[in-house]
>>> print(open('entry27.cif').read())   # mmCIF, C-alpha atoms
data_target
#
loop_
_atom_site.group_PDB
_atom_site.id
_atom_site.type_symbol
_atom_site.label_atom_id
_atom_site.label_comp_id
_atom_site.auth_asym_id
_atom_site.auth_seq_id
_atom_site.Cartn_x
_atom_site.Cartn_y
_atom_site.Cartn_z
ATOM 1 C CA MET A 1 50.159 -15.642 -37.511
ATOM 2 C CA ILE A 2 49.213 -12.493 -35.597
ATOM 3 C CA ASP A 3 47.370 -14.512 -32.952
ATOM 4 C CA ALA A 4 50.423 -16.744 -32.474
ATOM 5 C CA LEU A 5 52.657 -13.665 -32.249
ATOM 6 C CA PHE A 6 50.613 -12.052 -29.483
ATOM 7 C CA GLU A 7 50.245 -15.361 -27.650
ATOM 8 C CA ARG A 8 54.038 -15.711 -27.543
ATOM 9 C CA LEU A 9 54.652 -12.114 -26.446
ATOM 10 C CA ASP A 10 51.922 -12.284 -23.781
ATOM 11 C CA SER A 11 53.577 -15.406 -22.351
ATOM 12 C CA ILE A 12 56.906 -13.575 -21.957
ATOM 13 C CA VAL A 13 55.887 -10.041 -20.903
ATOM 14 C CA LEU A 14 53.199 -10.900 -18.387
ATOM 15 C CA GLY A 15 50.169 -8.727 -17.776
ATOM 16 C CA LYS A 16 51.028 -6.064 -20.395
ATOM 17 C CA ARG A 17 48.600 -6.942 -23.175
ATOM 18 C CA ALA A 18 47.770 -3.359 -24.216
ATOM 19 C CA ALA A 19 51.415 -2.206 -24.218
ATOM 20 C CA ILE A 20 52.493 -5.216 -26.292
ATOM 21 C CA ARG A 21 49.895 -4.491 -28.954
ATOM 22 C CA LEU A 22 50.887 -0.846 -29.150
ATOM 23 C CA ALA A 23 54.567 -1.797 -29.441
ATOM 24 C CA VAL A 24 53.820 -4.173 -32.333
ATOM 25 C CA THR A 25 51.666 -1.468 -33.922
ATOM 26 C CA CYS A 26 54.592 0.964 -33.719
ATOM 27 C CA LEU A 27 56.906 -1.538 -35.420
ATOM 28 C CA ILE A 28 54.455 -2.260 -38.241
ATOM 29 C CA ALA A 29 53.825 1.482 -38.696
ATOM 30 C CA GLU A 30 57.604 1.931 -39.171
ATOM 31 C CA GLY A 31 57.969 4.234 -36.183
ATOM 32 C CA HIS A 32 60.227 4.274 -33.132
ATOM 33 C CA LEU A 33 59.215 3.560 -29.545
ATOM 34 C CA LEU A 34 60.040 5.321 -26.256
ATOM 35 C CA ILE A 35 59.321 3.474 -23.004
ATOM 36 C CA GLU A 36 59.447 5.533 -19.827
ATOM 37 C CA ASP A 37 59.454 3.639 -16.555
ATOM 38 C CA ALA A 38 61.413 2.802 -13.451
ATOM 39 C CA PRO A 39 64.093 0.084 -13.748
ATOM 40 C CA GLY A 40 63.047 -3.546 -13.464
ATOM 41 C CA LEU A 41 59.598 -3.397 -15.053
ATOM 42 C CA GLY A 42 60.313 -5.396 -18.210
ATOM 43 C CA LYS A 43 61.401 -2.797 -20.774
ATOM 44 C CA SER A 44 64.440 -4.751 -21.959
ATOM 45 C CA THR A 45 62.513 -8.017 -21.923
ATOM 46 C CA LEU A 46 59.865 -6.519 -24.222
ATOM 47 C CA ALA A 47 62.539 -5.274 -26.643
ATOM 48 C CA VAL A 48 64.287 -8.647 -26.832
ATOM 49 C CA ALA A 49 60.993 -10.525 -27.177
ATOM 50 C CA LEU A 50 59.899 -8.287 -30.067
ATOM 51 C CA ALA A 51 63.172 -8.727 -31.932
ATOM 52 C CA ARG A 52 63.195 -12.504 -31.509
ATOM 53 C CA ALA A 53 59.502 -12.926 -32.409
ATOM 54 C CA PHE A 54 60.091 -11.143 -35.734
ATOM 55 C CA GLY A 55 63.441 -12.839 -36.410
ATOM 56 C CA LEU A 56 65.313 -9.533 -36.428
ATOM 57 C CA GLU A 57 68.908 -8.681 -35.547
ATOM 58 C CA TYR A 58 69.116 -7.095 -32.107
ATOM 59 C CA SER A 59 71.686 -5.057 -30.221
ATOM 60 C CA LYS A 60 71.651 -3.108 -26.983
ATOM 61 C CA LEU A 61 73.343 0.196 -26.205
ATOM 62 C CA ALA A 62 73.732 0.951 -22.499
ATOM 63 C CA CYS A 63 73.720 4.751 -22.328
ATOM 64 C CA THR A 64 76.009 6.509 -19.840
ATOM 65 C CA ASN A 65 76.994 10.130 -19.337
ATOM 66 C CA ASP A 66 80.366 9.572 -21.068
ATOM 67 C CA LEU A 67 79.000 7.738 -24.123
ATOM 68 C CA LEU A 68 80.552 9.009 -27.370
ATOM 69 C CA PRO A 69 78.886 9.139 -30.798
ATOM 70 C CA SER A 70 81.522 6.655 -32.019
ATOM 71 C CA ASP A 71 80.329 4.201 -29.348
ATOM 72 C CA LEU A 72 76.979 4.242 -31.155
ATOM 73 C CA LEU A 73 78.000 4.606 -34.791
ATOM 74 C CA GLY A 74 81.344 2.814 -34.924
ATOM 75 C CA MET A 75 84.764 4.032 -36.036
ATOM 76 C CA SER A 76 87.611 3.461 -38.487
ATOM 77 C CA VAL A 77 90.638 1.604 -37.122
ATOM 78 C CA TRP A 78 94.016 0.812 -38.625
ATOM 79 C CA ASP A 79 94.271 -2.708 -40.044
ATOM 80 C CA ALA A 80 97.960 -3.594 -39.830
ATOM 81 C CA GLU A 81 97.684 -6.632 -42.129
ATOM 82 C CA ALA A 82 95.816 -4.782 -44.888
ATOM 83 C CA ARG A 83 97.797 -1.591 -44.172
ATOM 84 C CA SER A 84 94.621 0.475 -44.479
ATOM 85 C CA MET A 85 91.793 1.853 -42.380
ATOM 86 C CA ARG A 86 88.921 -0.538 -41.687
ATOM 87 C CA PHE A 87 85.462 0.519 -40.505
ATOM 88 C CA VAL A 88 84.155 -1.270 -37.414
ATOM 89 C CA PRO A 89 80.363 -0.758 -37.237
ATOM 90 C CA GLY A 90 78.750 0.228 -33.944
ATOM 91 C CA PRO A 91 75.562 -1.162 -32.385
ATOM 92 C CA VAL A 92 73.369 1.160 -34.498
ATOM 93 C CA PHE A 93 73.933 -1.165 -37.484
ATOM 94 C CA THR A 94 71.174 -3.563 -36.533
ATOM 95 C CA GLN A 95 67.451 -4.003 -37.111
ATOM 96 C CA VAL A 96 66.244 -3.541 -33.520
ATOM 97 C CA LEU A 97 68.301 -1.229 -31.332
ATOM 98 C CA LEU A 98 67.568 -0.952 -27.628
ATOM 99 C CA ALA A 99 68.965 2.366 -26.378
ATOM 100 C CA ASP A 100 68.752 1.726 -22.659
ATOM 101 C CA GLU A 101 68.433 4.779 -20.370
ATOM 102 C CA LEU A 102 68.736 7.198 -23.281
ATOM 103 C CA ASN A 103 68.304 10.259 -21.074
ATOM 104 C CA ARG A 104 71.684 9.523 -19.455
ATOM 105 C CA ALA A 105 73.541 9.955 -22.767
ATOM 106 C CA PRO A 106 75.286 13.245 -23.715
ATOM 107 C CA SER A 107 73.595 15.550 -26.211
ATOM 108 C CA LYS A 108 76.067 14.783 -29.028
ATOM 109 C CA THR A 109 75.327 11.077 -28.808
ATOM 110 C CA GLN A 110 71.592 11.744 -28.669
ATOM 111 C CA SER A 111 71.936 13.866 -31.819
ATOM 112 C CA ALA A 112 73.756 11.043 -33.594
ATOM 113 C CA LEU A 113 70.924 8.677 -32.734
ATOM 114 C CA LEU A 114 68.417 11.302 -33.875
ATOM 115 C CA GLU A 115 69.967 11.361 -37.350
ATOM 116 C CA ALA A 116 69.848 7.582 -37.541
ATOM 117 C CA MET A 117 66.187 7.487 -36.501
ATOM 118 C CA GLU A 118 65.121 10.197 -38.929
ATOM 119 C CA GLU A 119 67.270 9.451 -41.980
ATOM 120 C CA ARG A 120 67.804 5.693 -41.484
ATOM 121 C CA ARG A 121 71.421 6.304 -42.406
ATOM 122 C CA VAL A 122 74.423 7.832 -40.664
ATOM 123 C CA SER A 123 77.382 9.983 -41.675
ATOM 124 C CA ILE A 124 80.785 8.747 -40.460
ATOM 125 C CA ASP A 125 84.152 10.175 -41.536
ATOM 126 C CA GLY A 126 82.468 12.055 -44.363
ATOM 127 C CA GLU A 127 80.814 8.909 -45.736
ATOM 128 C CA THR A 128 77.098 8.114 -45.620
ATOM 129 C CA ARG A 129 76.242 4.561 -44.598
ATOM 130 C CA GLU A 130 72.765 3.057 -44.904
ATOM 131 C CA LEU A 131 71.262 1.261 -41.918
ATOM 132 C CA PRO A 132 69.638 -2.170 -42.171
ATOM 133 C CA ALA A 133 65.939 -2.413 -42.992
ATOM 134 C CA PRO A 134 63.779 -2.536 -41.039
ATOM 135 C CA PHE A 135 65.379 -0.234 -38.474
ATOM 136 C CA PHE A 136 63.458 0.035 -35.202
ATOM 137 C CA VAL A 137 64.678 1.952 -32.147
ATOM 138 C CA ILE A 138 63.292 1.153 -28.718
ATOM 139 C CA ALA A 139 64.617 3.706 -26.249
ATOM 140 C CA THR A 140 64.038 3.539 -22.524
ATOM 141 C CA GLN A 141 63.942 6.599 -20.328
ATOM 142 C CA ASN A 142 64.185 6.722 -16.556
ATOM 143 C CA PRO A 143 61.925 9.056 -14.536
ATOM 144 C CA LEU A 144 63.430 12.519 -14.102
ATOM 145 C CA ASP A 145 63.565 12.233 -10.307
ATOM 146 C CA GLN A 146 66.349 9.645 -10.587
ATOM 147 C CA VAL A 147 70.012 10.578 -10.243
ATOM 148 C CA GLY A 148 72.024 11.362 -13.376
ATOM 149 C CA VAL A 149 69.210 11.777 -15.899
ATOM 150 C CA SER A 150 68.003 14.795 -17.858
ATOM 151 C CA PRO A 151 64.934 15.365 -20.054
ATOM 152 C CA LEU A 152 65.165 14.557 -23.745
ATOM 153 C CA PRO A 153 64.827 17.631 -25.995
ATOM 154 C CA GLU A 154 61.511 18.186 -27.759
ATOM 155 C CA SER A 155 63.086 17.612 -31.178
ATOM 156 C CA GLN A 156 64.147 14.125 -30.137
ATOM 157 C CA LEU A 157 60.860 13.269 -28.442
ATOM 158 C CA ASP A 158 59.063 14.139 -31.669
ATOM 159 C CA ARG A 159 61.028 11.471 -33.548
ATOM 160 C CA PHE A 160 59.391 8.735 -31.470
ATOM 161 C CA MET A 161 56.057 7.658 -32.889
ATOM 162 C CA MET A 162 54.858 6.372 -29.506
ATOM 163 C CA ARG A 163 55.653 6.630 -25.828
ATOM 164 C CA LEU A 164 54.531 3.849 -23.497
ATOM 165 C CA SER A 165 54.737 3.226 -19.791
ATOM 166 C CA LEU A 166 54.589 -0.405 -18.690
ATOM 167 C CA GLY A 167 53.962 0.238 -15.006
ATOM 168 C CA PHE A 168 53.839 -2.396 -12.295
ATOM 169 C CA PRO A 169 52.174 -5.727 -13.124
ATOM 170 C CA ASP A 170 48.841 -6.605 -11.547
ATOM 171 C CA ALA A 171 48.797 -9.000 -8.601
ATOM 172 C CA GLU A 172 48.120 -12.141 -10.651
ATOM 173 C CA ALA A 173 50.783 -11.373 -13.267
ATOM 174 C CA GLU A 174 53.372 -10.561 -10.590
ATOM 175 C CA LEU A 175 52.683 -13.819 -8.778
ATOM 176 C CA GLU A 176 53.138 -15.751 -12.034
ATOM 177 C CA LEU A 177 56.394 -13.874 -12.656
ATOM 178 C CA LEU A 178 57.664 -14.911 -9.219
ATOM 179 C CA ARG A 179 56.841 -18.525 -10.053
ATOM 180 C CA ARG A 180 58.702 -18.453 -13.381
ATOM 181 C CA GLY A 181 61.639 -16.233 -12.512
ATOM 182 C CA ASP A 182 63.360 -13.728 -14.800
ATOM 183 C CA GLN A 183 61.752 -13.810 -18.252
ATOM 184 C CA ARG A 184 64.754 -12.454 -20.151
ATOM 185 C CA ARG A 185 66.142 -15.939 -20.797
ATOM 186 C CA GLU A 186 62.831 -17.035 -22.276
ATOM 187 C CA ALA A 187 62.768 -13.902 -24.420
ATOM 188 C CA GLN A 188 66.285 -14.643 -25.700
ATOM 189 C CA SER A 189 65.459 -18.242 -26.603
ATOM 190 C CA THR A 190 62.136 -17.627 -28.334
ATOM 191 C CA GLY A 191 61.944 -18.460 -32.028
ATOM 192 C CA ALA A 192 60.603 -16.280 -34.811
ATOM 193 C CA ILE A 193 56.836 -16.249 -35.284
ATOM 194 C CA VAL A 194 56.940 -13.738 -38.147
ATOM 195 C CA THR A 195 59.871 -13.638 -40.567
ATOM 196 C CA PRO A 196 61.524 -10.349 -41.584
ATOM 197 C CA ALA A 197 59.885 -10.789 -45.011
ATOM 198 C CA GLY A 198 56.550 -11.241 -43.260
ATOM 199 C CA LEU A 199 57.134 -8.027 -41.319
ATOM 200 C CA ARG A 200 57.853 -6.134 -44.539
ATOM 201 C CA ALA A 201 54.609 -7.514 -45.992
ATOM 202 C CA LEU A 202 52.708 -6.338 -42.916
ATOM 203 C CA GLN A 203 54.271 -2.880 -43.162
ATOM 204 C CA THR A 204 53.292 -2.625 -46.823
ATOM 205 C CA ALA A 205 49.766 -3.814 -46.082
ATOM 206 C CA ALA A 206 49.420 -1.305 -43.240
ATOM 207 C CA ALA A 207 50.435 1.569 -45.519
ATOM 208 C CA ASN A 208 47.593 0.556 -47.874
ATOM 209 C CA VAL A 209 44.830 0.427 -45.245
ATOM 210 C CA HIS A 210 42.051 2.804 -46.308
ATOM 211 C CA VAL A 211 41.386 5.989 -44.323
ATOM 212 C CA ALA A 212 38.116 7.737 -45.182
ATOM 213 C CA GLU A 213 38.066 11.476 -45.810
ATOM 214 C CA ALA A 214 35.897 11.991 -42.725
ATOM 215 C CA LEU A 215 38.578 10.403 -40.558
ATOM 216 C CA LEU A 216 41.320 12.547 -42.075
ATOM 217 C CA THR A 217 39.167 15.578 -41.208
ATOM 218 C CA TYR A 218 38.803 14.176 -37.675
ATOM 219 C CA VAL A 219 42.598 13.950 -37.325
ATOM 220 C CA ARG A 220 42.977 17.510 -38.621
ATOM 221 C CA ASP A 221 40.389 18.761 -36.113
ATOM 222 C CA LEU A 222 42.259 17.016 -33.279
ATOM 223 C CA LEU A 223 45.475 18.733 -34.316
ATOM 224 C CA THR A 224 43.662 22.084 -34.446
ATOM 225 C CA ALA A 225 42.131 21.537 -30.992
ATOM 226 C CA SER A 226 45.584 20.885 -29.525
ATOM 227 C CA ARG A 227 46.679 24.371 -30.630
ATOM 228 C CA GLN A 228 44.137 26.250 -28.559
ATOM 229 C CA GLY A 229 46.288 27.734 -25.825
ATOM 230 C CA ALA A 230 48.711 24.805 -25.629
ATOM 231 C CA THR A 231 52.393 25.455 -24.999
ATOM 232 C CA ARG A 232 53.348 22.496 -27.219
ATOM 233 C CA PRO A 233 50.651 22.050 -29.889
ATOM 234 C CA LEU A 234 50.709 19.088 -32.211
ATOM 235 C CA SER A 235 52.515 19.481 -35.527
ATOM 236 C CA PRO A 236 51.491 18.043 -38.918
ATOM 237 C CA ARG A 237 54.157 15.368 -38.347
ATOM 238 C CA SER A 238 52.132 14.244 -35.327
ATOM 239 C CA GLY A 239 49.086 13.854 -37.550
ATOM 240 C CA LEU A 240 51.026 11.749 -40.049
ATOM 241 C CA ALA A 241 52.262 9.506 -37.229
ATOM 242 C CA LEU A 242 48.713 9.189 -35.891
ATOM 243 C CA VAL A 243 47.346 8.084 -39.271
ATOM 244 C CA ARG A 244 50.159 5.546 -39.761
ATOM 245 C CA ALA A 245 49.621 4.104 -36.290
ATOM 246 C CA ALA A 246 45.843 3.897 -36.789
ATOM 247 C CA ARG A 247 46.360 2.051 -40.087
ATOM 248 C CA ALA A 248 48.642 -0.500 -38.402
ATOM 249 C CA TRP A 249 46.204 -0.958 -35.499
ATOM 250 C CA ALA A 250 43.336 -1.561 -37.951
ATOM 251 C CA LEU A 251 45.439 -4.119 -39.847
ATOM 252 C CA LEU A 252 46.188 -6.025 -36.644
ATOM 253 C CA ALA A 253 42.435 -6.053 -35.966
ATOM 254 C CA GLY A 254 41.924 -7.744 -39.334
ATOM 255 C CA ARG A 255 40.436 -4.795 -41.195
ATOM 256 C CA GLY A 256 41.369 -3.049 -44.419
ATOM 257 C CA HIS A 257 39.984 0.302 -43.278
ATOM 258 C CA VAL A 258 40.438 2.604 -40.284
ATOM 259 C CA GLU A 259 37.588 3.266 -37.854
ATOM 260 C CA PRO A 260 37.305 6.126 -35.316
ATOM 261 C CA ASP A 261 38.116 3.702 -32.483
ATOM 262 C CA ASP A 262 41.483 2.944 -34.074
ATOM 263 C CA ILE A 263 42.473 6.621 -33.960
ATOM 264 C CA GLN A 264 41.227 7.000 -30.387
ATOM 265 C CA THR A 265 43.083 3.875 -29.228
ATOM 266 C CA VAL A 266 46.514 4.930 -30.501
ATOM 267 C CA TRP A 267 45.959 8.637 -29.731
ATOM 268 C CA PRO A 268 47.417 8.700 -26.161
ATOM 269 C CA ALA A 269 50.577 6.775 -27.096
ATOM 270 C CA VAL A 270 51.203 8.951 -30.171
ATOM 271 C CA THR A 271 50.491 12.362 -28.642
ATOM 272 C CA SER A 272 51.130 12.356 -24.875
ATOM 273 C CA HIS A 273 54.907 12.903 -25.154
ATOM 274 C CA ARG A 274 54.373 15.644 -27.737
ATOM 275 C CA LEU A 275 51.820 17.599 -25.717
ATOM 276 C CA GLY A 276 53.441 17.527 -22.279
ATOM 277 C CA SER A 277 56.503 19.507 -21.258
ATOM 278 C CA THR A 278 59.844 17.693 -21.178
ATOM 279 C CA HIS A 279 59.911 18.291 -17.425
ATOM 280 C CA ASP A 280 56.471 16.745 -16.945
ATOM 281 C CA GLY A 281 55.981 13.104 -16.175
ATOM 282 C CA PRO A 282 53.982 10.790 -18.454
ATOM 283 C CA ALA A 283 50.812 11.451 -16.463
ATOM 284 C CA ARG A 284 50.675 15.131 -17.443
ATOM 285 C CA GLY A 285 50.977 14.413 -21.159
ATOM 286 C CA ALA A 286 48.347 11.677 -20.921
ATOM 287 C CA THR A 287 45.967 14.088 -19.201
ATOM 288 C CA LEU A 288 46.419 16.690 -21.939
ATOM 289 C CA ALA A 289 45.874 14.055 -24.624
ATOM 290 C CA THR A 290 42.634 12.962 -22.972
ATOM 291 C CA GLN A 291 41.428 16.573 -22.764
ATOM 292 C CA VAL A 292 42.108 17.253 -26.442
ATOM 293 C CA LEU A 293 40.415 14.004 -27.504
ATOM 294 C CA ALA A 294 37.302 14.960 -25.515
ATOM 295 C CA MET A 295 37.088 18.326 -27.302
ATOM 296 C CA VAL A 296 36.453 16.908 -30.776
ATOM 297 C CA PRO A 297 33.429 14.707 -31.591
ATOM 298 C CA ALA A 298 34.233 11.575 -33.560
ATOM 299 C CA PRO A 299 32.584 11.079 -36.956
#
>>> encode(input="entry27.cif", output="structure tokens")
Amino acid sequence: MIDALFERLDSIVLGKRAAIRLAVTCLIAEGHLLIEDAPGLGKSTLAVALARAFGLEYSKLACTNDLLPSDLLGMSVWDAEARSMRFVPGPVFTQVLLADELNRAPSKTQSALLEAMEERRVSIDGETRELPAPFFVIATQNPLDQVGVSPLPESQLDRFMMRLSLGFPDAEAELELLRRGDQRREAQSTGAIVTPAGLRALQTAAANVHVAEALLTYVRDLLTASRQGATRPLSPRSGLALVRAARAWALLAGRGHVEPDDIQTVWPAVTSHRLGSTHDGPARGATLATQVLAMVPAP
């Protein structure tokens, strides 16, 4: 099943094998994903392909500088026939939400999304409403040198388990893309490889993957190393996210236990956006993550 899943995703998002596997890992680890890249590099295609491959409900929120929290959450409207207020749910009531160009949205709307990501429920008109399960947010962020964008606050960055950057495809993948044309139609029409029940089973299995005490000590030592003179050291929440991601990566590799390589593989995606400044590009955070990883010997 996993092999068929990756084969399908690789055929839609060309030349991005490593990013696809990290994105699936993030979903199975029950995290949220931030993709930072220039427009036109396949971020939306990846989001649609993931949702369709797992048979999940999908909606897209195009973020603009005048986007209101009600545009995300929904609102109550007057129903003339029933002579009462009726709640109309917003795009957040889905299983996979693509928040496109999130760093264009106003702070109030970003805060509303933050609550949904953290609590998996939202408060509207004094009433708490549960979100569907699973609930997976894929947010895209444009580079800060583009017009009309601003950096996401640290508190919001920390709610994303992983940050990825797709980058430009290699020469062979780009040539194949030119032959096929836009892959978004193929992503929309793809059938489910894994059912939602199968995804829940994978998430449960990932949570039960064994992590040896020596590896937990290794994660703790990495967190401690990040606090030596860093302006944004890693928090315990970062360590929890790292362990969850390593468990999911090990499961996808067909193992019931975590190895040091699993932690080292997911480390950059889990920590780079937490270590770097909000005004830094992805490269700075990745460099800091590499430096911290090199400071601590693996067991």
>>> residues_around(input="entry27.cif", residues="Leu34 in chain A", least_positions_apart="4", cutoff="7 Å", atoms="only C-alpha atoms", output="PDB file with C-alpha atoms, in the frame of the given file")
ATOM      1  CA  ILE A 138      63.292   1.153 -28.718  1.00  0.00           C
ATOM      2  CA  ALA A 139      64.617   3.706 -26.249  1.00  0.00           C
ATOM      3  CA  THR A 140      64.038   3.539 -22.524  1.00  0.00           C
ATOM      4  CA  PHE A 160      59.391   8.735 -31.470  1.00  0.00           C
ATOM      5  CA  MET A 162      54.858   6.372 -29.506  1.00  0.00           C
ATOM      6  CA  ARG A 163      55.653   6.630 -25.828  1.00  0.00           C
ATOM      7  CA  LEU A 164      54.531   3.849 -23.497  1.00  0.00           C
TER       8      LEU A 164
END
>>> residues_near_point(input="entry27.cif", point="(44.1, 22.8, -33.5)", cutoff="12 Å", atoms="all atoms listed in the file", output="list in words")
Thr217, Tyr218, Val219, Arg220, Asp221, Leu222, Leu223, Thr224, Ala225, Ser226, Arg227, Gln228, Gly229, Ala230, Arg232, Pro233, Leu234, Ser235, Pro236, Ser238, Gly239, Val292, Leu293, Met295 and Val296 of chain A
>>> atom_distance(input="entry27.cif", atom1="CA of Gly198 in chain A", atom2="CA of His257 in chain A")
20.2 Å
>>> resolve_selection(input="entry27.cif", expression="the PyMOL selection byres ((chain A and resi 189) around 10)", output="MDAnalysis selection string")
chainID A and resid 48:49 52:53 184:188 190:192
>>> write_last_selection(input="entry27.cif", atoms="C-alpha atoms", output="PDB file, in the coordinates of the input")
ATOM      1  CA  VAL A  48      64.287  -8.647 -26.832  1.00  0.00           C
ATOM      2  CA  ALA A  49      60.993 -10.525 -27.177  1.00  0.00           C
ATOM      3  CA  ARG A  52      63.195 -12.504 -31.509  1.00  0.00           C
ATOM      4  CA  ALA A  53      59.502 -12.926 -32.409  1.00  0.00           C
ATOM      5  CA  ARG A 184      64.754 -12.454 -20.151  1.00  0.00           C
ATOM      6  CA  ARG A 185      66.142 -15.939 -20.797  1.00  0.00           C
ATOM      7  CA  GLU A 186      62.831 -17.035 -22.276  1.00  0.00           C
ATOM      8  CA  ALA A 187      62.768 -13.902 -24.420  1.00  0.00           C
ATOM      9  CA  GLN A 188      66.285 -14.643 -25.700  1.00  0.00           C
ATOM     10  CA  THR A 190      62.136 -17.627 -28.334  1.00  0.00           C
ATOM     11  CA  GLY A 191      61.944 -18.460 -32.028  1.00  0.00           C
ATOM     12  CA  ALA A 192      60.603 -16.280 -34.811  1.00  0.00           C
TER      13      ALA A 192
END
>>> resolve_selection(input="entry27.cif", expression="the PyMOL selection byres ((chain A and resi 248) around 8)", output="ChimeraX atom specification")
/A:25-26,28-29,203,206-207,209,244-247,249-252
>>> closest_residue(input="entry27.cif", among="A:Val96, A:Thr231, A:Asp262, A:Cys63", to="Gly285 in chain A", atoms="all atoms listed in the file")
A:Thr231
>>> closest_residue(input="entry27.cif", among="A:Ala47, A:Val270, A:Leu102, A:Leu177", to="Pro153 in chain A", atoms="all atoms listed in the file")
A:Leu102
>>> atom_distance(input="entry27.cif", atom1="CA of Ser111 in chain A", atom2="CA of Val77 in chain A")
23.0 Å
>>> closest_residue(input="entry27.cif", among="A:Asp71, A:Glu176, A:Glu127, A:Asp158", to="Pro89 in chain A", atoms="all atoms listed in the file")
A:Asp71
>>> residues_around(input="entry27.cif", residues="Ile35 in chain A", least_positions_apart="6", cutoff="12 Å", atoms="all atoms listed in the file", output="count of residues only")
37
